[in-house]
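What follows is the content of my_file20.txt (compact mmCIF, C-alpha atoms).
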# COMPACT_ATOMS: atom_id res chain seq x y z
CA MET A 1 -5.42 -29.34 -7.11
CA ALA A 2 -4.06 -32.88 -6.98
CA ARG A 3 -0.86 -34.74 -6.33
CA ILE A 4 1.52 -34.61 -9.25
CA GLY A 5 1.21 -38.34 -9.94
CA LYS A 6 -2.54 -37.91 -10.40
CA THR A 7 -2.50 -35.02 -12.88
CA LYS A 8 -2.34 -34.62 -16.65
CA ALA A 9 -0.06 -31.97 -18.16
CA VAL A 10 -2.96 -30.26 -19.94
CA ASP A 11 -4.66 -29.71 -16.57
CA THR A 12 -1.67 -27.85 -15.19
CA ILE A 13 -1.02 -25.52 -18.13
CA GLU A 14 -1.34 -21.85 -17.07
CA SER A 15 -2.19 -23.04 -13.55
CA GLY A 16 -0.81 -19.86 -11.95
CA PRO A 17 -3.13 -17.36 -13.64
CA ILE A 18 -5.99 -19.85 -13.61
CA PHE A 19 -5.84 -19.98 -9.82
CA GLY A 20 -6.13 -16.20 -9.82
CA THR A 21 -9.61 -16.70 -11.25
CA TYR A 22 -10.44 -19.06 -8.37
CA ALA A 23 -9.37 -16.32 -5.97
CA GLY A 24 -11.60 -13.86 -7.83
CA ALA A 25 -14.49 -16.33 -7.64
CA TYR A 26 -13.92 -16.68 -3.89
CA PHE A 27 -14.32 -12.95 -3.34
CA ALA A 28 -17.26 -12.76 -5.75
CA ARG A 29 -19.09 -15.27 -3.55
CA GLU A 30 -18.03 -13.44 -0.38
CA TYR A 31 -19.37 -10.17 -1.78
CA GLY A 32 -22.58 -11.81 -2.92
CA PHE A 33 -22.51 -11.32 -6.67
CA ASP A 34 -22.33 -13.86 -9.46
CA ASN A 35 -20.15 -12.56 -12.27
CA MET A 36 -16.69 -11.00 -12.25
CA LEU A 37 -13.93 -10.05 -14.64
CA CYS A 38 -10.41 -10.98 -13.49
CA LEU A 39 -7.43 -8.99 -14.80
CA ASP A 40 -3.88 -10.09 -13.99
CA VAL A 41 -1.13 -7.75 -15.22
CA GLY A 42 2.40 -8.78 -14.36
CA GLY A 43 5.85 -8.09 -15.74
CA THR A 44 5.45 -9.67 -19.19
CA THR A 45 1.81 -10.58 -19.72
CA ALA A 46 -1.74 -9.38 -19.10
CA LYS A 47 -4.29 -12.15 -18.66
CA CYS A 48 -8.08 -11.98 -18.62
CA SER A 49 -10.51 -14.56 -17.25
CA LEU A 50 -14.11 -14.54 -16.07
CA VAL A 51 -16.31 -15.79 -13.26
CA ARG A 52 -19.92 -16.78 -13.97
CA GLU A 53 -22.36 -17.73 -11.21
CA GLY A 54 -19.51 -17.81 -8.69
CA LYS A 55 -17.31 -20.19 -10.71
CA PRO A 56 -14.53 -19.75 -13.29
CA VAL A 57 -15.89 -19.84 -16.84
CA GLN A 58 -15.03 -23.08 -18.63
CA GLN A 59 -14.89 -23.80 -22.35
CA LYS A 60 -16.34 -26.97 -23.82
CA ASN A 61 -13.38 -27.09 -26.21
CA GLY A 62 -10.28 -25.36 -24.96
CA GLU A 63 -7.51 -23.44 -26.63
CA LEU A 64 -3.83 -23.52 -25.76
CA PHE A 65 -1.62 -20.78 -27.23
CA GLY A 66 -3.89 -20.59 -30.27
CA ILE A 67 -4.13 -24.37 -30.69
CA PRO A 68 -7.72 -25.73 -30.41
CA LEU A 69 -8.12 -28.71 -28.09
CA ALA A 70 -11.00 -31.16 -27.81
CA THR A 71 -10.97 -31.00 -24.03
CA PRO A 72 -12.68 -28.68 -21.53
CA MET A 73 -10.46 -25.87 -20.25
CA GLN A 74 -10.88 -22.68 -18.32
CA LEU A 75 -11.38 -19.57 -20.45
CA LEU A 76 -8.15 -17.58 -20.14
CA ARG A 77 -6.87 -15.12 -22.71
CA SER A 78 -3.60 -13.19 -22.66
CA ILE A 79 -1.60 -10.49 -24.41
CA ALA A 80 2.14 -9.80 -24.23
CA ILE A 81 1.78 -6.60 -22.21
CA GLY A 82 3.29 -6.01 -18.76
CA GLY A 83 5.66 -3.84 -16.78
CA GLY A 84 8.68 -5.04 -18.75
CA SER A 85 7.07 -4.53 -22.18
CA ILE A 86 9.25 -2.44 -24.48
CA VAL A 87 7.89 0.95 -25.57
CA LYS A 88 8.96 2.42 -28.93
CA SER A 89 7.96 5.37 -31.05
CA ASP A 90 5.85 4.45 -34.09
CA PRO A 91 4.59 7.45 -36.07
CA GLU A 92 2.46 5.12 -38.22
CA ALA A 93 0.52 3.70 -35.27
CA SER A 94 -2.80 5.21 -34.23
CA MET A 95 -1.36 6.36 -30.90
CA ARG A 96 2.15 6.99 -32.30
CA VAL A 97 3.72 4.46 -29.94
CA GLN A 98 4.16 0.69 -29.87
CA VAL A 99 3.93 -1.23 -26.59
CA GLY A 100 5.16 -4.85 -26.65
CA PRO A 101 5.23 -7.62 -27.60
CA GLY A 102 8.97 -7.44 -26.93
CA SER A 103 9.90 -7.41 -23.25
CA MET A 104 12.91 -6.76 -21.06
CA GLY A 105 11.54 -9.24 -18.52
CA ALA A 106 12.94 -9.14 -15.00
CA SER A 107 16.57 -9.41 -16.13
CA PRO A 108 17.98 -7.05 -17.21
CA GLY A 109 14.54 -5.52 -16.78
CA PRO A 110 13.37 -1.91 -17.29
CA ALA A 111 15.96 0.83 -17.58
CA CYS A 112 15.08 2.08 -14.11
CA TYR A 113 16.27 -1.23 -12.60
CA ALA A 114 19.83 -0.16 -13.54
CA LEU A 115 20.75 -3.77 -14.32
CA GLY A 116 21.80 -3.19 -17.92
CA GLY A 117 18.44 -2.68 -19.59
CA ASN A 118 18.50 0.29 -21.96
CA GLU A 119 15.08 0.05 -23.61
CA ALA A 120 12.10 2.10 -22.43
CA THR A 121 9.39 -0.01 -20.80
CA VAL A 122 5.95 0.40 -19.28
CA THR A 123 7.53 0.49 -15.81
CA ASP A 124 9.82 3.29 -16.96
CA CYS A 125 6.67 5.18 -18.03
CA PHE A 126 5.17 4.76 -14.57
CA VAL A 127 8.37 5.96 -12.91
CA THR A 128 8.58 8.95 -15.26
CA LEU A 129 4.98 9.90 -14.47
CA ALA A 130 5.77 9.54 -10.72
CA TYR A 131 3.21 6.80 -10.09
CA ILE A 132 5.89 4.57 -8.56
CA ASP A 133 8.13 5.82 -5.76
CA PRO A 134 11.74 5.01 -6.75
CA GLU A 135 12.76 4.94 -3.07
CA GLY A 136 9.92 2.70 -1.89
CA PHE A 137 9.92 0.02 -4.59
CA GLN A 138 9.47 -3.48 -3.13
CA GLY A 139 9.13 -1.99 0.31
CA GLY A 140 12.40 -0.09 -0.08
CA GLN A 141 14.45 -3.23 -0.79
CA ARG A 142 15.28 -1.99 -4.28
CA LYS A 143 15.94 1.59 -5.37
CA LEU A 144 14.85 2.55 -8.88
CA ASP A 145 16.83 4.97 -11.03
CA ALA A 146 14.29 7.59 -12.13
CA GLU A 147 16.87 9.39 -14.27
CA ARG A 148 17.60 6.25 -16.30
CA ALA A 149 13.86 5.83 -16.85
CA ARG A 150 13.55 9.39 -18.18
CA GLU A 151 16.62 8.96 -20.39
CA ALA A 152 15.24 5.77 -21.95
CA MET A 153 11.82 7.34 -22.51
CA THR A 154 13.41 10.45 -24.00
CA ARG A 155 15.73 8.55 -26.36
CA HIS A 156 13.30 5.89 -27.61
CA VAL A 157 9.96 7.69 -27.57
CA ALA A 158 9.92 11.41 -26.79
CA GLU A 159 12.70 12.69 -29.09
CA PRO A 160 11.68 10.65 -32.17
CA LEU A 161 8.11 12.00 -31.82
CA GLY A 162 9.12 15.53 -30.87
CA LEU A 163 7.24 15.36 -27.57
CA SER A 164 7.99 16.07 -23.95
CA VAL A 165 9.01 12.99 -22.00
CA GLU A 166 5.82 13.24 -19.89
CA LYS A 167 3.59 13.37 -22.99
CA ALA A 168 5.43 10.38 -24.44
CA ALA A 169 4.95 8.43 -21.20
CA LEU A 170 1.24 9.31 -21.15
CA LEU A 171 0.85 8.02 -24.72
CA ALA A 172 2.53 4.75 -23.76
CA ARG A 173 0.36 4.48 -20.64
CA ASP A 174 -2.84 5.02 -22.62
CA CYS A 175 -1.76 2.63 -25.39
CA THR A 176 -1.15 -0.06 -22.75
CA ALA A 177 -4.64 0.48 -21.31
CA VAL A 178 -6.26 0.33 -24.75
CA LEU A 179 -4.52 -2.94 -25.66
CA ILE A 180 -5.61 -4.55 -22.38
CA GLY A 181 -9.14 -3.18 -22.83
CA THR A 182 -9.33 -4.77 -26.29
CA LEU A 183 -8.25 -8.12 -24.83
CA ILE A 184 -10.97 -7.89 -22.17
CA LYS A 185 -13.69 -6.98 -24.70
CA LYS A 186 -12.87 -10.01 -26.85
CA THR A 187 -12.77 -12.35 -23.84
CA ALA A 188 -16.11 -11.13 -22.45
CA ALA A 189 -17.71 -11.45 -25.89
CA GLU A 190 -16.40 -15.02 -26.15
CA ALA A 191 -18.04 -15.82 -22.80
CA LYS A 192 -21.24 -13.95 -23.84
CA LEU A 193 -21.11 -11.69 -20.77
CA ASP A 194 -22.13 -8.03 -20.69
CA LEU A 195 -18.97 -6.09 -19.80
CA GLU A 196 -20.75 -3.09 -18.33
CA ALA A 197 -22.65 -5.35 -15.91
CA LEU A 198 -19.42 -6.87 -14.57
CA GLN A 199 -17.24 -5.88 -11.65
CA MET A 200 -13.49 -6.27 -12.11
CA PHE A 201 -10.79 -7.67 -9.84
CA ALA A 202 -7.38 -6.33 -10.84
CA TYR A 203 -4.19 -7.89 -9.45
CA GLY A 204 -0.62 -8.73 -10.29
CA GLY A 205 2.15 -6.18 -9.95
CA ASN A 206 0.64 -3.76 -12.48
CA GLY A 207 -3.10 -4.50 -12.39
CA PRO A 208 -3.95 -1.87 -9.73
CA LEU A 209 -1.90 0.79 -11.53
CA LEU A 210 -3.88 0.34 -14.74
CA ALA A 211 -7.24 -0.62 -13.23
CA THR A 212 -9.14 2.67 -13.43
CA LEU A 213 -7.71 3.53 -16.86
CA VAL A 214 -8.88 0.21 -18.29
CA ALA A 215 -12.23 0.46 -16.47
CA ASP A 216 -12.86 3.90 -18.00
CA ILE A 217 -12.31 2.48 -21.48
CA LEU A 218 -14.75 -0.38 -20.81
CA ASN A 219 -17.31 1.70 -18.88
CA ILE A 220 -16.87 -0.52 -15.82
CA ARG A 221 -17.72 1.35 -12.63
CA ARG A 222 -16.56 -0.97 -9.82
CA VAL A 223 -13.06 -2.40 -9.51
CA HIS A 224 -11.62 -4.47 -6.64
CA ILE A 225 -7.94 -4.71 -5.74
CA SER A 226 -6.10 -6.47 -2.92
CA PHE A 227 -3.04 -4.92 -1.30
CA SER A 228 -2.42 -7.83 1.05
CA LEU A 229 -2.83 -10.50 -1.66
CA GLY A 230 -2.34 -8.61 -4.94
CA PRO A 231 1.17 -9.82 -5.88
CA ILE A 232 0.33 -13.36 -4.70
CA PHE A 233 -3.35 -13.41 -5.66
CA SER A 234 -2.97 -16.57 -7.75
CA ALA A 235 -1.12 -18.30 -4.90
CA PHE A 236 -4.07 -17.41 -2.67
CA GLY A 237 -6.27 -19.16 -5.24
CA THR A 238 -4.37 -22.40 -4.65
CA ALA A 239 -4.77 -22.05 -0.88
CA ILE A 240 -8.57 -22.04 -1.11
CA SER A 241 -8.96 -24.72 -3.79
CA ASP A 242 -10.08 -28.30 -3.26
CA VAL A 243 -8.48 -31.46 -4.59
CA ALA A 244 -10.33 -32.51 -7.73
CA HIS A 245 -10.17 -35.51 -10.05
CA VAL A 246 -12.08 -35.84 -13.31
CA TYR A 247 -12.97 -39.15 -14.96
CA GLU A 248 -14.46 -39.52 -18.43
CA HIS A 249 -16.09 -42.24 -20.51
CA ARG A 250 -16.82 -41.90 -24.21
CA ILE A 251 -20.42 -42.62 -25.22
CA VAL A 252 -20.99 -44.06 -28.70
CA ALA A 253 -24.29 -44.59 -30.49
CA ASN A 254 -25.61 -48.15 -29.99
CA ASP A 255 -28.56 -50.06 -28.58
CA SER A 256 -26.92 -50.58 -25.17
CA ASN A 257 -27.36 -46.94 -24.04
CA THR A 258 -29.81 -47.86 -21.30
CA ALA A 259 -30.24 -46.42 -17.83
CA ALA A 260 -28.76 -49.60 -16.36
CA ALA A 261 -25.71 -49.39 -18.61
CA PHE A 262 -25.06 -45.77 -17.72
CA GLY A 263 -25.51 -46.62 -14.05
CA GLU A 264 -22.81 -49.28 -14.32
CA ILE A 265 -20.42 -46.86 -16.02
CA LEU A 266 -21.02 -44.20 -13.36
CA ASP A 267 -20.49 -46.77 -10.61
CA SER A 268 -17.21 -47.79 -12.26
CA LEU A 269 -16.02 -44.17 -12.49
CA ARG A 270 -17.02 -43.55 -8.88
CA ALA A 271 -15.08 -46.64 -7.76
CA ARG A 272 -11.97 -45.29 -9.49
CA ALA A 273 -12.48 -41.90 -7.85
CA CYS A 274 -12.87 -43.43 -4.40
CA ARG A 275 -9.71 -45.48 -4.85
CA ASP A 276 -7.71 -42.42 -5.87
CA LEU A 277 -9.05 -40.25 -3.03
CA GLU A 278 -8.33 -42.96 -0.46
CA ALA A 279 -4.80 -43.32 -1.85
CA GLU A 280 -4.27 -39.60 -1.19
CA GLY A 281 -5.50 -39.94 2.38
CA PHE A 282 -8.97 -38.41 2.01
CA GLN A 283 -12.22 -39.64 3.56
CA VAL A 284 -14.47 -40.79 0.72
CA ASP A 285 -17.64 -40.14 2.70
CA GLU A 286 -16.62 -36.48 2.95
CA ALA A 287 -16.03 -36.09 -0.79
CA THR A 288 -18.55 -34.70 -3.28
CA PHE A 289 -19.28 -36.17 -6.71
CA HIS A 290 -20.75 -34.36 -9.71
CA ALA A 291 -21.67 -36.27 -12.87
CA GLU A 292 -22.69 -34.87 -16.24
CA VAL A 293 -23.04 -35.97 -19.80
CA GLU A 294 -21.77 -33.70 -22.55
CA PRO A 295 -23.44 -34.43 -25.89
CA GLU A 296 -21.69 -33.78 -29.19
CA GLU A 297 -23.95 -30.77 -29.62
CA GLY A 298 -25.31 -28.71 -26.76
CA GLU A 299 -24.45 -28.00 -23.15
CA PRO A 300 -23.57 -30.59 -20.45
CA VAL A 301 -26.50 -32.13 -18.57
CA PRO A 302 -26.23 -33.23 -14.89
CA VAL A 303 -26.88 -36.96 -14.38
CA GLN A 304 -26.95 -39.58 -11.65
CA SER A 305 -27.18 -43.35 -11.47
CA GLY A 306 -30.48 -44.43 -12.98
CA SER A 307 -30.80 -41.43 -15.32
CA ASP A 308 -32.33 -42.25 -18.70
CA LEU A 309 -29.79 -41.14 -21.29
CA SER A 310 -31.12 -43.21 -24.17
CA ASP A 311 -31.80 -40.09 -26.25
CA ILE A 312 -28.09 -39.15 -26.21
CA SER A 313 -26.47 -40.86 -29.15
CA SER A 314 -22.86 -39.87 -28.42
CA GLY A 315 -20.80 -37.64 -26.17
CA ILE A 316 -18.76 -37.73 -22.96
CA LEU A 317 -19.91 -39.02 -19.56
CA ARG A 318 -17.87 -37.16 -16.94
CA LEU A 319 -17.52 -37.55 -13.16
CA ARG A 320 -15.82 -34.93 -11.00
CA ALA A 321 -14.74 -35.95 -7.51
CA GLU A 322 -13.75 -33.25 -5.02
CA SER A 323 -12.35 -33.37 -1.51
CA LYS A 324 -12.03 -30.25 0.63
CA LEU A 325 -8.76 -29.08 2.11
CA SER A 326 -8.21 -26.87 5.11
CA SER A 327 -8.15 -23.41 3.56
CA TYR A 328 -6.68 -20.05 4.41
CA GLU A 329 -9.06 -17.28 5.42
CA PRO A 330 -8.04 -13.62 4.95
CA LEU A 331 -7.50 -11.69 8.15
CA LEU A 332 -10.13 -9.01 8.72
CA LEU A 333 -9.06 -5.40 9.16
CA GLU A 334 -9.80 -3.22 12.12
CA GLN A 335 -12.83 -1.00 11.48
CA GLY A 336 -12.29 2.71 10.97
CA GLU A 337 -14.08 5.86 9.86
CA ALA A 338 -14.38 7.18 6.30
CA ASN A 339 -11.66 9.78 6.82
CA ALA A 340 -8.28 8.44 5.70
CA ASP A 341 -6.12 11.50 6.38
CA HIS A 342 -4.16 9.59 9.02
CA ALA A 343 -2.74 7.35 6.25
CA VAL A 344 -1.31 10.19 4.15
CA MET A 345 2.47 9.80 4.28
CA ASP A 346 3.51 12.32 1.65
CA HIS A 347 2.47 14.47 -1.31
CA ARG A 348 4.03 14.14 -4.75
CA GLN A 349 3.90 15.84 -8.14
CA VAL A 350 2.19 13.24 -10.37
CA PHE A 351 1.35 13.38 -14.09
CA PHE A 352 -2.22 12.18 -14.62
CA ASP A 353 -2.17 14.46 -17.69
CA GLU A 354 0.44 16.80 -19.17
CA THR A 355 0.30 19.12 -16.15
CA ALA A 356 1.68 17.76 -12.88
CA SER A 357 -0.70 17.69 -9.92
CA ARG A 358 0.34 17.59 -6.29
CA VAL A 359 -1.55 14.58 -4.89
CA PRO A 360 -1.58 12.74 -1.56
CA ILE A 361 0.30 9.46 -1.23
CA TYR A 362 -1.44 7.02 1.14
CA ASP A 363 0.33 4.31 3.12
CA TYR A 364 -1.79 1.20 2.67
CA THR A 365 -0.58 -0.34 5.95
CA LYS A 366 -2.24 2.50 7.86
CA LEU A 367 -5.62 2.22 6.16
CA ARG A 368 -8.52 0.67 8.08
CA ALA A 369 -11.80 -0.84 6.91
CA ASN A 370 -14.26 1.87 5.79
CA ASN A 371 -11.48 4.41 5.07
CA VAL A 372 -12.11 6.26 1.80
CA VAL A 373 -9.45 7.66 -0.53
CA ILE A 374 -10.69 10.31 -2.96
CA GLY A 375 -8.91 10.61 -6.31
CA PRO A 376 -6.66 11.84 -7.66
CA ALA A 377 -4.33 10.03 -5.29
CA ILE A 378 -1.78 7.22 -5.06
CA VAL A 379 -2.09 4.35 -2.58
CA SER A 380 1.20 2.61 -1.94
CA GLY A 381 1.95 -0.73 -0.29
CA ASP A 382 5.18 -2.69 0.10
CA ASN A 383 4.73 -4.53 -3.19
CA LEU A 384 1.82 -2.81 -4.87
CA THR A 385 0.80 0.65 -6.03
CA CYS A 386 -2.76 1.68 -6.88
CA MET A 387 -3.61 4.75 -8.91
CA VAL A 388 -6.91 6.41 -7.94
CA THR A 389 -7.60 8.71 -10.88
CA GLU A 390 -9.86 11.76 -11.09
CA GLY A 391 -13.52 10.90 -10.54
CA TRP A 392 -12.73 7.64 -8.70
CA GLN A 393 -12.61 6.85 -5.02
CA MET A 394 -11.39 3.80 -3.12
CA ARG A 395 -13.08 2.38 -0.03
CA VAL A 396 -11.22 -0.24 2.00
CA ASP A 397 -13.33 -3.25 2.99
CA GLU A 398 -12.98 -5.65 5.90
CA TYR A 399 -10.74 -8.00 3.87
CA GLY A 400 -8.23 -5.25 3.22
CA ASN A 401 -9.34 -5.05 -0.41
CA GLY A 402 -9.92 -1.70 -2.05
CA LEU A 403 -13.20 -1.08 -3.88
CA LEU A 404 -12.65 1.53 -6.56
CA SER A 405 -15.89 3.12 -7.70
CA HIS A 406 -16.77 5.86 -10.14
For this file, write the structure as structure tokens.
Amino acid sequence: MARIGKTKAVDTIESGPIFGTYAGAYFAREYGFDNMLCLDVGGTTAKCSLVREGKPVQQKNGELFGIPLATPMQLLRSIAIGGGSIVKSDPEASMRVQVGPGSMGASPGPACYALGGNEATVTDCFVTLAYIDPEGFQGGQRKLDAERAREAMTRHVAEPLGLSVEKAALLARDCTAVLIGTLIKKTAAEAKLDLEALQMFAYGGNGPLLATLVADILNIRRVHISFSLGPIFSAFGTAISDVAHVYEHRIVANDSNTAAAFGEILDSLRARACRDLEAEGFQVDEATFHAEVEPEEGEPVPVQSGSDLSDISSGILRLRAESKLSSYEPLLLEQGEANADHAVMDHRQVFFDETASRVPIYDYTKLRANNVVIGPAIVSGDNLTCMVTEGWQMRVDEYGNGLLSH
């Protein structure tokens, strides 16, 4: 976080989803565990990032849309899968359907939006399977056309494959979960983190709908979602972030790499940092400074003025200056009992498999801390829907987040 005149373009690339990881790291620290997987599934893209030791995982050398960069960046990987992703029949594919990478986006959007879109999408699958309430979408501000969703699914997927529309939608749902699971596996392997030891935070408009399906594929047993922050989880990440500036100095191999020389360089970088912080109206004595040297080979090493770095022939000397901002704190929920029957607002025929099951629909706004929802069930908020599948349960915590456990 910094004023626009003090930033570099490369530092702001993908800033929205990156701040979602900062939000995930915030809750990881609040809950008292070190590592977390963050999954953001929106309308066009699913993004995966990771938290290690309470902080977003960084790469020594970053990558931007497949292009390698010789600059540190946060580890963030994505796939073109979201609510607007187009679903087509594909008899040659392993699951007989293709999901993405084409997308209807938000305009004209899925067929059920009734704005001109005539392709079947992931959202149309969810409407067909009755996960999403057509009358309560976006808090009732928009009505979805369930019949258009079924027509698109029938025309583009079910009829070409000779399947019922529900079976076709289930195939598309499962294909979506598998593709996202594959993305997560690759990202965790890149960060050298054990997937089964991680807890997951799922957010974005479609993260909570797919959370338990993806978790089952990955053998993850604890998933967190946020009804109050879910659609704006990344924005929450900006609200809790500090202003940060990074200054670098290239080290080259020569006889002047003495402790005194490095001390002078660090002092010079610190002077620049202080000038910039003061120009933004911050108190320098309240700022924190972290210095490290990153050798050509190996991991960064913390340093301070007077450190003997004579054994480092070349690399980058880096200073990070941070100043805290007043931050938002989530409102805590009123405590309740485990029983959540008071929040049941309806029952609906839902397709978790090929046979419809009559399941309770819970109104998130009526849930209290400690309430427990036993799957199969649907939990619905104004802008978010969570699917609690068979074998899972969701407990609401004091932050209004749901902990899904198996």
Length of the atom CA of A:Ser164 to atom CA of A:Leu209 vector [Å]: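 Answer for the atom CA of A:Ser164 to atom CA of A:Leu209 separation: 22.0 Å.
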Polymer residues at most 9 Å from A:Met387, only C-alpha atoms, same-chain spacing of 3 or more positions, as a ChimeraX atom specification: /A:131,208-212,375-380
Go through stretch 146-195 of chain A residue by residue and, counting all atoms listed in the file, keep those with an atom at most 12 Å from stretch 199-205 of chain A; for each kept residue give the shortest atom pair and its distance in Å to one decimal, ordered by chain and increasing number, as JSON lines.
{"residue": "A:Ile180", "atom": "CA", "partner": "A:Ala202", "partner_atom": "CA", "distance": 11.8}
{"residue": "A:Gly181", "atom": "CA", "partner": "A:Met200", "partner_atom": "CA", "distance": 12.0}
{"residue": "A:Ile184", "atom": "CA", "partner": "A:Met200", "partner_atom": "CA", "distance": 10.5}
{"residue": "A:Ala188", "atom": "CA", "partner": "A:Met200", "partner_atom": "CA", "distance": 11.7}
{"residue": "A:Leu193", "atom": "CA", "partner": "A:Gln199", "partner_atom": "CA", "distance": 11.5}
{"residue": "A:Asp194", "atom": "CA", "partner": "A:Gln199", "partner_atom": "CA", "distance": 10.5}
{"residue": "A:Leu195", "atom": "CA", "partner": "A:Gln199", "partner_atom": "CA", "distance": 8.3}
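From atom CA of A:Pro330 back to atom CA of A:Tyr399, the distance works out to 6.3 Å.
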d(atom CA of A:Thr238, atom CA of A:Leu403) in Å: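 One can read the atom CA of A:Thr238 to atom CA of A:Leu403 distance as 23.1 Å.
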Selection near A:Ala197, 12 Å with all atoms listed in the file, sequence-local residues under 6 positions removed, as a PyMOL selection string: chain A and resi 33-37+52+188+215+218-223
Selection: 9 Å around A:Gly20, all atoms listed in the file, excl. self and same-chain fewer than 6 positions, as a count of residues only: 12
Taking the structure in the block just given, could you write stretch 259-270 of chain A with N, CA and C atoms, as a PDB file, in the first residue's frame?
ATOM      1  N   ALA A 259      32.071  -4.228   6.152  1.00  0.00           N
ATOM      2  CA  ALA A 259      30.945  -3.913   7.028  1.00  0.00           C
ATOM      3  C   ALA A 259      30.651  -2.412   7.003  1.00  0.00           C
ATOM      4  N   ALA A 260      31.699  -1.602   6.957  1.00  0.00           N
ATOM      5  CA  ALA A 260      31.502  -0.152   6.932  1.00  0.00           C
ATOM      6  C   ALA A 260      30.795   0.286   5.657  1.00  0.00           C
ATOM      7  N   ALA A 261      31.193  -0.329   4.537  1.00  0.00           N
ATOM      8  CA  ALA A 261      30.579   0.040   3.262  1.00  0.00           C
ATOM      9  C   ALA A 261      29.106  -0.335   3.238  1.00  0.00           C
ATOM     10  N   PHE A 262      28.794  -1.519   3.723  1.00  0.00           N
ATOM     11  CA  PHE A 262      27.392  -1.930   3.757  1.00  0.00           C
ATOM     12  C   PHE A 262      26.596  -1.049   4.711  1.00  0.00           C
ATOM     13  N   GLY A 263      27.219  -0.654   5.805  1.00  0.00           N
ATOM     14  CA  GLY A 263      26.543   0.233   6.744  1.00  0.00           C
ATOM     15  C   GLY A 263      26.183   1.549   6.096  1.00  0.00           C
ATOM     16  N   GLU A 264      27.092   2.094   5.285  1.00  0.00           N
ATOM     17  CA  GLU A 264      26.828   3.353   4.584  1.00  0.00           C
ATOM     18  C   GLU A 264      25.677   3.209   3.591  1.00  0.00           C
ATOM     19  N   ILE A 265      25.658   2.075   2.891  1.00  0.00           N
ATOM     20  CA  ILE A 265      24.582   1.850   1.912  1.00  0.00           C
ATOM     21  C   ILE A 265      23.239   1.746   2.630  1.00  0.00           C
ATOM     22  N   LEU A 266      23.204   0.989   3.729  1.00  0.00           N
ATOM     23  CA  LEU A 266      21.961   0.855   4.487  1.00  0.00           C
ATOM     24  C   LEU A 266      21.506   2.200   5.023  1.00  0.00           C
ATOM     25  N   ASP A 267      22.450   2.990   5.524  1.00  0.00           N
ATOM     26  CA  ASP A 267      22.089   4.321   6.033  1.00  0.00           C
ATOM     27  C   ASP A 267      21.501   5.181   4.925  1.00  0.00           C
ATOM     28  N   SER A 268      22.072   5.056   3.706  1.00  0.00           N
ATOM     29  CA  SER A 268      21.571   5.832   2.570  1.00  0.00           C
ATOM     30  C   SER A 268      20.152   5.390   2.201  1.00  0.00           C
ATOM     31  N   LEU A 269      19.909   4.065   2.179  1.00  0.00           N
ATOM     32  CA  LEU A 269      18.569   3.566   1.872  1.00  0.00           C
ATOM     33  C   LEU A 269      17.571   3.992   2.943  1.00  0.00           C
ATOM     34  N   ARG A 270      17.997   3.955   4.188  1.00  0.00           N
ATOM     35  CA  ARG A 270      17.104   4.357   5.281  1.00  0.00           C
ATOM     36  C   ARG A 270      16.760   5.837   5.182  1.00  0.00           C
TER      37      ARG A 270
END
